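Below: the structure, in structure tokens.
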Amino acid sequence: MLDYIVKSTVYDGMVRAYAASTTYTIEEARKRQDTWATATAALGRTLTITGLMGAMLKGEDTLTVKVEGNGPLGAIIADGNAKGNVRGYVIQPHVDFPLNEQGKLDVRRAVGEEGTLSIVKDLGLKEYFTGQVPIVSGEISEDFTYYFANSEQIPSAVGAGVLVNPDHSVLAAGGFIIQLLPGADEEIVTKLEKQVETFPQISTLIREGNHPEQILQKLFGEEPVHIHERLPIHFQCKCSKERIENAIKGLGKEEIKEMIEQDHGAEATCHFCNEVYHLTETELESLLKDLS
């Protein structure tokens with residue numbers, strides 16, 4: 001497996017822990033979106049956490065994440081599912097700044113410190129589950145931590161990081177989500193707080209060659225980590241020519257006739273993967289017949 005997620009429990013099942021290596025996944029997103037370094041870090045953190053949250057789902061369940069701050073990036077949109085598929089994009093991919101005071105990519109400045117983090121889950125029910133919280137830092141990980149505590153009422157620690165090479169390619173990326181389950185006592189809470197506070201940057205650990213299992217073991221020290229599942233994660237888009245054709249049908253007959261008469265064809269680009277789809281006059285005429 002190139003990139004993968006590990007699902008585990010710790011402290012006799014009182015803590016649920018997920019960790020992921022996502023270097024290749026984020027590099028694929030970077031190439032498709034042509035993101036600059038700071039935008040890559042923001043998108044990469046969001047995609048990594050979306051993938052980890054997807055691993056919490058079951059079957060055909062899906063989720064959509066939207067980070068909409070007041071920074072120059074505009075919105076970050078990401079999709080994930082229970083099978084380890086993620087995709088995402090930023091409205092303004094060409095955003096980059098000098099390193100911040102800590103010598104890290106200035107994601108906070110790119111995202112902005114005001115706005116909302118919204119998550120919509122399709123759990124196969126009649127209605128979607130929707131949660132929304134204000135952005136509390138713009139650093140992404142802290143914003144998801146706040147989301148879990150306030151929208152889902154699950155005390156959690158969320159971490160995600162992306163290191164970028166001088167040529168803007170992704171050097172290392174990964175993340176973790178630690179969640180307290182009902183019954184966890186104060187001693188466990190205190191231990192976890194200390195462990196998370198002193199934990200190294202996860203992207204640095206990935207760069208040094210640590211796998212998700214090793215990251216979890218480093219995080220929990222001598223405490224046994226019980227691995228339950230390993231799940232591949234990768235960038236995969238849901239777009240297809242058929243979906244594009246259905247979308248064009250939805251525009252109606254008059255719009256399609258205009259495409260034929262004025263443009264002699266149609267072109268559509270997927271926001272998520274930047275795949276370009278071309279439809280000829282003949283194909284558009286066939287869509288018109290379908291609507292007759």
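Please note that chains go A, B, ... in the order of the structure tokens, that every chain numbers its residues from 1, and that ligands are numbered from 1 in the order shown.
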Need to verify the contact set: stretch 2-11 of chain A, 6 Å, only C-alpha atoms, exclusion of same-chain residues closer than 3 positions in sequence. Can you return it as a PyMOL selection string? chain A and resi 14-22+225-233
If we count only C-alpha atoms and set the cut-off at 12 Å, which residues sit around A:Ile188, ignoring sequence neighbours fewer than 3 positions away in its own chain? Please answer as a VMD selection string. chain A and resid 10 to 15 179 to 185 191 to 195 220 223
Output for the residues just chosen: N, CA and C atoms as a PDB file, in the first residue's frame:
```pdb
ATOM      1  N   VAL A  10      -7.182   1.938  21.860  1.00  0.00           N
ATOM      2  CA  VAL A  10      -6.152   1.990  22.891  1.00  0.00           C
ATOM      3  C   VAL A  10      -6.852   2.103  24.245  1.00  0.00           C
ATOM      4  N   TYR A  11      -6.090   1.889  25.312  1.00  0.00           N
ATOM      5  CA  TYR A  11      -6.633   1.994  26.674  1.00  0.00           C
ATOM      6  C   TYR A  11      -7.895   1.126  26.845  1.00  0.00           C
ATOM      7  N   ASP A  12      -7.746  -0.153  26.495  1.00  0.00           N
ATOM      8  CA  ASP A  12      -8.843  -1.124  26.670  1.00  0.00           C
ATOM      9  C   ASP A  12     -10.134  -0.684  25.987  1.00  0.00           C
ATOM     10  N   GLY A  13      -9.983  -0.090  24.808  1.00  0.00           N
ATOM     11  CA  GLY A  13     -11.147   0.304  24.030  1.00  0.00           C
ATOM     12  C   GLY A  13     -11.768   1.632  24.423  1.00  0.00           C
ATOM     13  N   MET A  14     -11.134   2.350  25.338  1.00  0.00           N
ATOM     14  CA  MET A  14     -11.668   3.645  25.773  1.00  0.00           C
ATOM     15  C   MET A  14     -11.294   4.779  24.814  1.00  0.00           C
ATOM     16  N   VAL A  15     -10.324   4.513  23.937  1.00  0.00           N
ATOM     17  CA  VAL A  15      -9.855   5.516  22.974  1.00  0.00           C
ATOM     18  C   VAL A  15      -9.826   4.891  21.588  1.00  0.00           C
ATOM     19  N   GLN A 179      -9.924   9.865  19.488  1.00  0.00           N
ATOM     20  CA  GLN A 179     -11.228  10.187  20.070  1.00  0.00           C
ATOM     21  C   GLN A 179     -11.466   9.420  21.368  1.00  0.00           C
ATOM     22  N   LEU A 180     -11.951  10.144  22.374  1.00  0.00           N
ATOM     23  CA  LEU A 180     -12.321   9.526  23.636  1.00  0.00           C
ATOM     24  C   LEU A 180     -13.716   8.925  23.515  1.00  0.00           C
ATOM     25  N   LEU A 181     -13.862   7.692  23.940  1.00  0.00           N
ATOM     26  CA  LEU A 181     -15.164   7.028  23.913  1.00  0.00           C
ATOM     27  C   LEU A 181     -15.800   7.086  25.304  1.00  0.00           C
ATOM     28  N   PRO A 182     -17.102   6.900  25.388  1.00  0.00           N
ATOM     29  CA  PRO A 182     -17.775   6.936  26.693  1.00  0.00           C
ATOM     30  C   PRO A 182     -17.106   5.982  27.688  1.00  0.00           C
ATOM     31  N   GLY A 183     -16.853   6.468  28.877  1.00  0.00           N
ATOM     32  CA  GLY A 183     -16.229   5.638  29.901  1.00  0.00           C
ATOM     33  C   GLY A 183     -14.774   5.972  30.153  1.00  0.00           C
ATOM     34  N   ALA A 184     -14.154   6.767  29.263  1.00  0.00           N
ATOM     35  CA  ALA A 184     -12.755   7.158  29.457  1.00  0.00           C
ATOM     36  C   ALA A 184     -12.642   8.052  30.696  1.00  0.00           C
ATOM     37  N   ASP A 185     -11.718   7.700  31.601  1.00  0.00           N
ATOM     38  CA  ASP A 185     -11.621   8.466  32.847  1.00  0.00           C
ATOM     39  C   ASP A 185     -10.641   9.626  32.726  1.00  0.00           C
ATOM     40  N   LYS A 191      -3.358  11.912  30.378  1.00  0.00           N
ATOM     41  CA  LYS A 191      -2.254  11.293  29.625  1.00  0.00           C
ATOM     42  C   LYS A 191      -2.284  11.716  28.163  1.00  0.00           C
ATOM     43  N   LEU A 192      -3.470  11.645  27.573  1.00  0.00           N
ATOM     44  CA  LEU A 192      -3.599  11.980  26.157  1.00  0.00           C
ATOM     45  C   LEU A 192      -3.237  13.431  25.881  1.00  0.00           C
ATOM     46  N   GLU A 193      -3.679  14.318  26.745  1.00  0.00           N
ATOM     47  CA  GLU A 193      -3.378  15.733  26.563  1.00  0.00           C
ATOM     48  C   GLU A 193      -1.871  15.971  26.532  1.00  0.00           C
ATOM     49  N   LYS A 194      -1.145  15.329  27.452  1.00  0.00           N
ATOM     50  CA  LYS A 194       0.323  15.481  27.504  1.00  0.00           C
ATOM     51  C   LYS A 194       0.973  14.887  26.254  1.00  0.00           C
ATOM     52  N   GLN A 195       0.476  13.704  25.840  1.00  0.00           N
ATOM     53  CA  GLN A 195       1.061  13.038  24.674  1.00  0.00           C
ATOM     54  C   GLN A 195       0.866  13.856  23.404  1.00  0.00           C
ATOM     55  N   PHE A 220       1.261   6.826  21.683  1.00  0.00           N
ATOM     56  CA  PHE A 220       0.752   6.222  22.916  1.00  0.00           C
ATOM     57  C   PHE A 220       1.826   5.585  23.782  1.00  0.00           C
ATOM     58  N   GLU A 223       1.730   2.079  25.923  1.00  0.00           N
ATOM     59  CA  GLU A 223       0.362   1.567  25.928  1.00  0.00           C
ATOM     60  C   GLU A 223       0.121   0.700  24.683  1.00  0.00           C
TER      61      GLU A 223
END
```
As a PyMOL selection string, please: every residue in stretch 53-147 of chain A that DSSP puts in strand (DSSP E). chain A and resi 62-69+75-81+85-90+115-122+129-134
Can you pull out every residue within 12 Å of A:Val276, counting only C-alpha atoms, but drop anything in the same chain fewer than 2 positions away, and send it as a list in words? Arg32, Cys239, Ser240, Lys241, Ile244, Ala266, Glu267, Ala268, Thr269, Cys270, His271, Phe272, Cys273, Asn274, His278 and Leu279 of chain A
Written file, previous selection with C-alpha atoms, as a PDB file, in the first residue's frame:
```
ATOM      1  CA  ARG A  32      -4.426  17.970 -10.671  1.00  0.00           C
ATOM      2  CA  CYS A 239     -16.734  12.310 -12.577  1.00  0.00           C
ATOM      3  CA  SER A 240     -17.407  10.614 -15.925  1.00  0.00           C
ATOM      4  CA  LYS A 241     -18.615  11.544 -19.382  1.00  0.00           C
ATOM      5  CA  ILE A 244     -21.378  15.366 -17.665  1.00  0.00           C
ATOM      6  CA  ALA A 266     -19.406  21.639 -25.630  1.00  0.00           C
ATOM      7  CA  GLU A 267     -16.547  21.440 -23.153  1.00  0.00           C
ATOM      8  CA  ALA A 268     -16.799  20.823 -19.407  1.00  0.00           C
ATOM      9  CA  THR A 269     -14.096  20.625 -16.738  1.00  0.00           C
ATOM     10  CA  CYS A 270     -14.465  18.784 -13.424  1.00  0.00           C
ATOM     11  CA  HIS A 271     -13.646  21.047 -10.456  1.00  0.00           C
ATOM     12  CA  PHE A 272     -12.280  18.154  -8.408  1.00  0.00           C
ATOM     13  CA  CYS A 273      -9.838  16.540 -10.830  1.00  0.00           C
ATOM     14  CA  ASN A 274      -9.592  19.045 -13.726  1.00  0.00           C
ATOM     15  CA  HIS A 278     -15.522  17.318 -24.921  1.00  0.00           C
ATOM     16  CA  LEU A 279     -18.883  16.725 -26.572  1.00  0.00           C
TER      17      LEU A 279
END
```
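For the atom pair formed by atom CA of A:Glu261 and atom CA of A:Ala247, the distance is 19.1 Å, given to one decimal.
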Name the residues in contact with stretch 173-178 of chain A at a cut-off of 9 Å, using only C-alpha atoms, excluding same-chain residues fewer than 2 positions from it; report them as an NGL selection string. :A and (3 or 15-27 or 41 or 44-45 or 48-49 or 52-53 or 145 or 155-164 or 170-171 or 180 or 192 or 202-207 or 212 or 215-216)
How would the residues just chosen look if you wrote them out with N, CA and C atoms as a tab-separated table (two decimals), in the first residue's frame?
```tsv
chain	number	residue	atom	x	y	z
A	3	ASP	N	-0.35	4.71	0.22
A	3	ASP	CA	-0.95	5.48	1.32
A	3	ASP	C	-2.02	4.62	1.98
A	15	VAL	N	-10.32	4.51	23.94
A	15	VAL	CA	-9.86	5.52	22.97
A	15	VAL	C	-9.83	4.89	21.59
A	16	ARG	N	-10.36	5.63	20.63
A	16	ARG	CA	-10.33	5.22	19.22
A	16	ARG	C	-9.28	6.06	18.52
A	17	ALA	N	-8.40	5.42	17.76
A	17	ALA	CA	-7.29	6.15	17.14
A	17	ALA	C	-7.13	5.76	15.67
A	18	TYR	N	-7.02	6.79	14.83
A	18	TYR	CA	-6.80	6.61	13.40
A	18	TYR	C	-5.53	7.36	13.01
A	19	ALA	N	-4.74	6.78	12.13
A	19	ALA	CA	-3.56	7.47	11.59
A	19	ALA	C	-3.43	7.14	10.11
A	20	ALA	N	-2.88	8.08	9.35
A	20	ALA	CA	-2.78	7.89	7.89
A	20	ALA	C	-1.50	8.48	7.34
A	21	SER	N	-0.97	7.82	6.34
A	21	SER	CA	0.06	8.40	5.48
A	21	SER	C	-0.63	8.75	4.17
A	22	THR	N	-0.46	10.00	3.71
A	22	THR	CA	-1.21	10.46	2.52
A	22	THR	C	-0.34	11.18	1.50
A	23	THR	N	0.95	10.94	1.53
A	23	THR	CA	1.88	11.68	0.66
A	23	THR	C	1.51	11.59	-0.81
A	24	TYR	N	1.28	10.39	-1.29
A	24	TYR	CA	0.99	10.19	-2.72
A	24	TYR	C	-0.39	10.74	-3.08
A	25	THR	N	-1.32	10.62	-2.16
A	25	THR	CA	-2.68	11.13	-2.38
A	25	THR	C	-2.66	12.64	-2.54
A	26	ILE	N	-1.93	13.33	-1.67
A	26	ILE	CA	-1.89	14.80	-1.71
A	26	ILE	C	-1.08	15.27	-2.92
A	27	GLU	N	-0.07	14.54	-3.29
A	27	GLU	CA	0.70	14.90	-4.49
A	27	GLU	C	-0.18	14.79	-5.73
A	41	ALA	N	-0.66	22.79	1.22
A	41	ALA	CA	-0.72	22.41	2.64
A	41	ALA	C	-2.15	22.47	3.16
A	44	GLY	N	-4.11	19.71	1.44
A	44	GLY	CA	-3.61	18.42	1.90
A	44	GLY	C	-4.08	18.07	3.30
A	45	ARG	N	-4.06	19.06	4.20
A	45	ARG	CA	-4.56	18.81	5.56
A	45	ARG	C	-6.05	18.46	5.52
A	48	THR	N	-6.59	14.95	4.00
A	48	THR	CA	-6.14	13.90	4.93
A	48	THR	C	-7.18	13.66	6.02
A	49	ILE	N	-7.68	14.74	6.62
A	49	ILE	CA	-8.68	14.60	7.68
A	49	ILE	C	-9.99	14.07	7.11
A	52	LEU	N	-9.60	10.39	6.87
A	52	LEU	CA	-9.71	9.77	8.20
A	52	LEU	C	-11.16	9.72	8.66
A	53	MET	N	-11.91	10.78	8.41
A	53	MET	CA	-13.33	10.78	8.77
A	53	MET	C	-14.11	9.79	7.92
A	145	THR	N	-10.83	19.72	15.29
A	145	THR	CA	-10.91	19.37	16.71
A	145	THR	C	-12.12	20.06	17.34
A	155	PRO	N	-15.01	14.32	22.32
A	155	PRO	CA	-13.69	14.91	22.60
A	155	PRO	C	-12.64	14.25	21.71
A	156	SER	N	-11.93	15.07	20.94
A	156	SER	CA	-11.01	14.53	19.94
A	156	SER	C	-9.74	15.37	19.85
A	157	ALA	N	-8.69	14.76	19.35
A	157	ALA	CA	-7.47	15.47	18.98
A	157	ALA	C	-7.22	15.16	17.51
A	158	VAL	N	-7.06	16.20	16.72
A	158	VAL	CA	-6.88	16.04	15.28
A	158	VAL	C	-5.55	16.67	14.88
A	159	GLY	N	-4.76	15.96	14.10
A	159	GLY	CA	-3.50	16.50	13.60
A	159	GLY	C	-3.31	16.12	12.14
A	160	ALA	N	-2.85	17.05	11.34
A	160	ALA	CA	-2.54	16.77	9.93
A	160	ALA	C	-1.44	17.71	9.48
A	161	GLY	N	-0.56	17.21	8.64
A	161	GLY	CA	0.54	18.04	8.18
A	161	GLY	C	0.98	17.67	6.77
A	162	VAL	N	1.55	18.68	6.10
A	162	VAL	CA	2.06	18.49	4.73
A	162	VAL	C	3.40	19.21	4.61
A	163	LEU	N	4.42	18.51	4.16
A	163	LEU	CA	5.71	19.12	3.84
A	163	LEU	C	5.85	19.20	2.33
A	164	VAL	N	6.36	20.34	1.84
A	164	VAL	CA	6.43	20.57	0.40
A	164	VAL	C	7.88	20.78	-0.01
A	170	VAL	N	4.93	17.34	-3.21
A	170	VAL	CA	4.70	16.96	-1.81
A	170	VAL	C	5.79	16.01	-1.34
A	171	LEU	N	6.46	16.39	-0.25
A	171	LEU	CA	7.51	15.57	0.33
A	171	LEU	C	6.94	14.55	1.30
A	180	LEU	N	-11.95	10.14	22.37
A	180	LEU	CA	-12.32	9.53	23.64
A	180	LEU	C	-13.72	8.93	23.51
A	192	LEU	N	-3.47	11.65	27.57
A	192	LEU	CA	-3.60	11.98	26.16
A	192	LEU	C	-3.24	13.43	25.88
A	202	ILE	N	3.46	15.48	12.52
A	202	ILE	CA	3.23	14.19	11.88
A	202	ILE	C	3.86	14.13	10.50
A	203	SER	N	3.90	15.25	9.78
A	203	SER	CA	4.53	15.25	8.45
A	203	SER	C	6.04	14.97	8.56
A	204	THR	N	6.65	15.44	9.66
A	204	THR	CA	8.07	15.15	9.89
A	204	THR	C	8.28	13.67	10.15
A	205	LEU	N	7.39	13.06	10.93
A	205	LEU	CA	7.48	11.62	11.19
A	205	LEU	C	7.32	10.81	9.90
A	206	ILE	N	6.40	11.25	9.04
A	206	ILE	CA	6.21	10.57	7.75
A	206	ILE	C	7.47	10.71	6.90
A	207	ARG	N	8.03	11.91	6.87
A	207	ARG	CA	9.26	12.13	6.09
A	207	ARG	C	10.39	11.25	6.58
A	212	PRO	N	1.92	4.58	9.57
A	212	PRO	CA	0.84	4.91	10.50
A	212	PRO	C	0.89	4.12	11.81
A	215	ILE	N	3.48	5.62	14.00
A	215	ILE	CA	3.04	6.92	14.50
A	215	ILE	C	2.13	6.75	15.72
A	216	LEU	N	1.21	5.80	15.63
A	216	LEU	CA	0.32	5.54	16.76
A	216	LEU	C	1.10	5.03	17.97
```
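Taking atom CA of A:Leu73 and atom CA of A:Phe97 as endpoints, the distance between them is 11.4 Å.
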As an exercise, work out the distance from atom CA of A:Gly131 to atom CA of A:Ser151 in Å and give it to one decimal place. 5.8 Å
Which residues, written as a PDB file with N, CA and C atoms, in the first residue's frame, have at least one atom at most 8 Å from A:Val133, with only C-alpha atoms counted and residues fewer than 2 positions away on the same chain left out?
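Written out: part21.pdb:
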```pdb
ATOM      1  N   THR A 116     -16.465  29.464   8.266  1.00  0.00           N
ATOM      2  CA  THR A 116     -17.143  28.273   8.764  1.00  0.00           C
ATOM      3  C   THR A 116     -16.507  26.995   8.240  1.00  0.00           C
ATOM      4  N   LEU A 117     -16.630  25.949   9.049  1.00  0.00           N
ATOM      5  CA  LEU A 117     -16.295  24.585   8.646  1.00  0.00           C
ATOM      6  C   LEU A 117     -17.604  23.811   8.644  1.00  0.00           C
ATOM      7  N   SER A 118     -17.980  23.297   7.478  1.00  0.00           N
ATOM      8  CA  SER A 118     -19.248  22.576   7.341  1.00  0.00           C
ATOM      9  C   SER A 118     -18.975  21.142   6.899  1.00  0.00           C
ATOM     10  N   GLY A 131     -23.370  19.336   9.975  1.00  0.00           N
ATOM     11  CA  GLY A 131     -22.788  20.033  11.120  1.00  0.00           C
ATOM     12  C   GLY A 131     -21.982  21.221  10.641  1.00  0.00           C
ATOM     13  N   ILE A 135     -14.834  28.754  12.114  1.00  0.00           N
ATOM     14  CA  ILE A 135     -13.389  28.529  12.071  1.00  0.00           C
ATOM     15  C   ILE A 135     -12.780  29.173  13.316  1.00  0.00           C
ATOM     16  N   TYR A 146     -12.280  21.333  17.022  1.00  0.00           N
ATOM     17  CA  TYR A 146     -13.412  22.113  17.544  1.00  0.00           C
ATOM     18  C   TYR A 146     -14.735  21.560  17.007  1.00  0.00           C
ATOM     19  N   TYR A 147     -14.733  21.162  15.739  1.00  0.00           N
ATOM     20  CA  TYR A 147     -15.945  20.583  15.131  1.00  0.00           C
ATOM     21  C   TYR A 147     -16.403  19.337  15.893  1.00  0.00           C
ATOM     22  N   ASN A 150     -17.841  20.197  19.361  1.00  0.00           N
ATOM     23  CA  ASN A 150     -19.050  21.014  19.433  1.00  0.00           C
ATOM     24  C   ASN A 150     -20.197  20.521  18.562  1.00  0.00           C
ATOM     25  N   SER A 151     -19.894  19.886  17.423  1.00  0.00           N
ATOM     26  CA  SER A 151     -20.962  19.432  16.544  1.00  0.00           C
ATOM     27  C   SER A 151     -21.331  17.974  16.796  1.00  0.00           C
TER      28      SER A 151
END
```
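The residue that comes closest to A:Lys253, out of A:Leu288, A:Val67, A:Ala42, A:Val90 and on the basis of only C-alpha atoms, is A:Leu288.
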Of the candidates A:Met56, A:Val107, A:Ala37, A:Ala29, which one gets nearest to A:His168 if we count only C-alpha atoms?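 Checking each candidate against A:His168, we get A:Ala37 as the closest.
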Choose the residue, out of A:Ile154, A:Lys218, A:Leu125, A:Lys31, that has the smallest atom-to-atom separation from A:Glu275; count only C-alpha atoms.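 Closest to A:Glu275 of all the choices is A:Lys31.
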DSSP helix (DSSP H, G or I) selection over stretch 168-245 of chain A, as a JSON list (two decimals) with N, CA and C atoms, in the first residue's frame:
```
[["chain", "number", "residue", "atom", "x", "y", "z"],
["A", 186, "GLU", "N", -10.57, 10.40, 33.80],
["A", 186, "GLU", "CA", -9.73, 11.62, 33.79],
["A", 186, "GLU", "C", -8.25, 11.30, 33.63],
["A", 187, "GLU", "N", -7.83, 10.16, 34.14],
["A", 187, "GLU", "CA", -6.42, 9.77, 34.02],
["A", 187, "GLU", "C", -6.03, 9.60, 32.55],
["A", 188, "ILE", "N", -6.91, 8.96, 31.79],
["A", 188, "ILE", "CA", -6.66, 8.78, 30.35],
["A", 188, "ILE", "C", -6.64, 10.14, 29.66],
["A", 189, "VAL", "N", -7.59, 10.99, 30.01],
["A", 189, "VAL", "CA", -7.66, 12.33, 29.41],
["A", 189, "VAL", "C", -6.37, 13.10, 29.66],
["A", 190, "THR", "N", -5.88, 13.08, 30.88],
["A", 190, "THR", "CA", -4.65, 13.79, 31.24],
["A", 190, "THR", "C", -3.45, 13.25, 30.47],
["A", 191, "LYS", "N", -3.36, 11.91, 30.38],
["A", 191, "LYS", "CA", -2.25, 11.29, 29.63],
["A", 191, "LYS", "C", -2.28, 11.72, 28.16],
["A", 192, "LEU", "N", -3.47, 11.65, 27.57],
["A", 192, "LEU", "CA", -3.60, 11.98, 26.16],
["A", 192, "LEU", "C", -3.24, 13.43, 25.88],
["A", 193, "GLU", "N", -3.68, 14.32, 26.75],
["A", 193, "GLU", "CA", -3.38, 15.73, 26.56],
["A", 193, "GLU", "C", -1.87, 15.97, 26.53],
["A", 194, "LYS", "N", -1.14, 15.33, 27.45],
["A", 194, "LYS", "CA", 0.32, 15.48, 27.50],
["A", 194, "LYS", "C", 0.97, 14.89, 26.25],
["A", 195, "GLN", "N", 0.48, 13.70, 25.84],
["A", 195, "GLN", "CA", 1.06, 13.04, 24.67],
["A", 195, "GLN", "C", 0.87, 13.86, 23.40],
["A", 196, "VAL", "N", -0.33, 14.41, 23.23],
["A", 196, "VAL", "CA", -0.62, 15.19, 22.02],
["A", 196, "VAL", "C", 0.15, 16.51, 22.03],
["A", 197, "GLU", "N", 0.24, 17.14, 23.20],
["A", 197, "GLU", "CA", 0.94, 18.43, 23.30],
["A", 197, "GLU", "C", 2.41, 18.32, 22.92],
["A", 202, "ILE", "N", 3.46, 15.48, 12.52],
["A", 202, "ILE", "CA", 3.23, 14.19, 11.88],
["A", 202, "ILE", "C", 3.86, 14.13, 10.50],
["A", 203, "SER", "N", 3.90, 15.25, 9.78],
["A", 203, "SER", "CA", 4.53, 15.25, 8.45],
["A", 203, "SER", "C", 6.04, 14.97, 8.56],
["A", 204, "THR", "N", 6.65, 15.44, 9.66],
["A", 204, "THR", "CA", 8.07, 15.15, 9.89],
["A", 204, "THR", "C", 8.28, 13.67, 10.15],
["A", 205, "LEU", "N", 7.39, 13.06, 10.93],
["A", 205, "LEU", "CA", 7.48, 11.62, 11.19],
["A", 205, "LEU", "C", 7.32, 10.81, 9.90],
["A", 206, "ILE", "N", 6.40, 11.25, 9.04],
["A", 206, "ILE", "CA", 6.21, 10.57, 7.75],
["A", 206, "ILE", "C", 7.47, 10.71, 6.90],
["A", 207, "ARG", "N", 8.03, 11.91, 6.87],
["A", 207, "ARG", "CA", 9.26, 12.13, 6.09],
["A", 207, "ARG", "C", 10.39, 11.25, 6.58],
["A", 212, "PRO", "N", 1.92, 4.58, 9.57],
["A", 212, "PRO", "CA", 0.84, 4.91, 10.50],
["A", 212, "PRO", "C", 0.89, 4.12, 11.81],
["A", 213, "GLU", "N", 1.21, 2.82, 11.73],
["A", 213, "GLU", "CA", 1.30, 2.01, 12.95],
["A", 213, "GLU", "C", 2.36, 2.56, 13.90],
["A", 214, "GLN", "N", 3.51, 2.95, 13.34],
["A", 214, "GLN", "CA", 4.60, 3.48, 14.16],
["A", 214, "GLN", "C", 4.23, 4.84, 14.76],
["A", 215, "ILE", "N", 3.48, 5.62, 14.00],
["A", 215, "ILE", "CA", 3.04, 6.92, 14.50],
["A", 215, "ILE", "C", 2.13, 6.75, 15.72],
["A", 216, "LEU", "N", 1.21, 5.80, 15.63],
["A", 216, "LEU", "CA", 0.32, 5.54, 16.76],
["A", 216, "LEU", "C", 1.10, 5.03, 17.97],
["A", 217, "GLN", "N", 2.08, 4.17, 17.73],
["A", 217, "GLN", "CA", 2.85, 3.64, 18.84],
["A", 217, "GLN", "C", 3.68, 4.74, 19.51],
["A", 218, "LYS", "N", 4.22, 5.64, 18.70],
["A", 218, "LYS", "CA", 4.96, 6.78, 19.26],
["A", 218, "LYS", "C", 4.03, 7.68, 20.06],
["A", 219, "LEU", "N", 2.82, 7.83, 19.58],
["A", 219, "LEU", "CA", 1.86, 8.71, 20.25],
["A", 219, "LEU", "C", 1.44, 8.15, 21.61],
["A", 220, "PHE", "N", 1.26, 6.83, 21.68],
["A", 220, "PHE", "CA", 0.75, 6.22, 22.92],
["A", 220, "PHE", "C", 1.83, 5.58, 23.78],
["A", 241, "LYS", "N", -17.94, 10.90, -18.26],
["A", 241, "LYS", "CA", -18.62, 11.54, -19.38],
["A", 241, "LYS", "C", -20.13, 11.42, -19.24],
["A", 242, "GLU", "N", -20.57, 10.29, -18.72],
["A", 242, "GLU", "CA", -22.00, 10.08, -18.53],
["A", 242, "GLU", "C", -22.59, 11.10, -17.55],
["A", 243, "ARG", "N", -21.86, 11.37, -16.47],
["A", 243, "ARG", "CA", -22.32, 12.38, -15.50],
["A", 243, "ARG", "C", -22.39, 13.76, -16.15],
["A", 244, "ILE", "N", -21.39, 14.07, -16.97],
["A", 244, "ILE", "CA", -21.38, 15.37, -17.66],
["A", 244, "ILE", "C", -22.57, 15.46, -18.61],
["A", 245, "GLU", "N", -22.84, 14.38, -19.34],
["A", 245, "GLU", "CA", -23.98, 14.37, -20.26],
["A", 245, "GLU", "C", -25.29, 14.57, -19.52]]
```
For A:Lys83: contacts at 10 Å, only C-alpha atoms, fewer than 5 positions along chain excluded, given as JSON, numbers by chain: {"A": [51, 54, 55, 57, 58, 59, 60, 61, 62, 231, 232, 233, 234]}
Please produce a file of those selected residues containing C-alpha atoms, as a short mmCIF file (atom, residue, chain, number, x, y, z; two decimals), in the first residue's frame.
```
data_model
loop_
_atom_site.label_atom_id
_atom_site.label_comp_id
_atom_site.auth_asym_id
_atom_site.auth_seq_id
_atom_site.Cartn_x
_atom_site.Cartn_y
_atom_site.Cartn_z
CA GLY A 51 -10.02 10.57 4.49
CA GLY A 54 -14.35 8.66 5.79
CA ALA A 55 -12.72 5.68 7.50
CA LEU A 57 -18.14 5.58 7.90
CA LYS A 58 -19.62 2.30 6.69
CA GLY A 59 -20.72 0.79 3.37
CA GLU A 60 -21.74 3.41 0.82
CA ASP A 61 -21.74 6.32 3.30
CA THR A 62 -20.05 9.54 2.14
CA LEU A 231 -7.52 0.83 4.59
CA PRO A 232 -5.86 2.14 1.39
CA ILE A 233 -6.47 5.84 0.73
CA HIS A 234 -6.12 7.52 -2.64
#
```
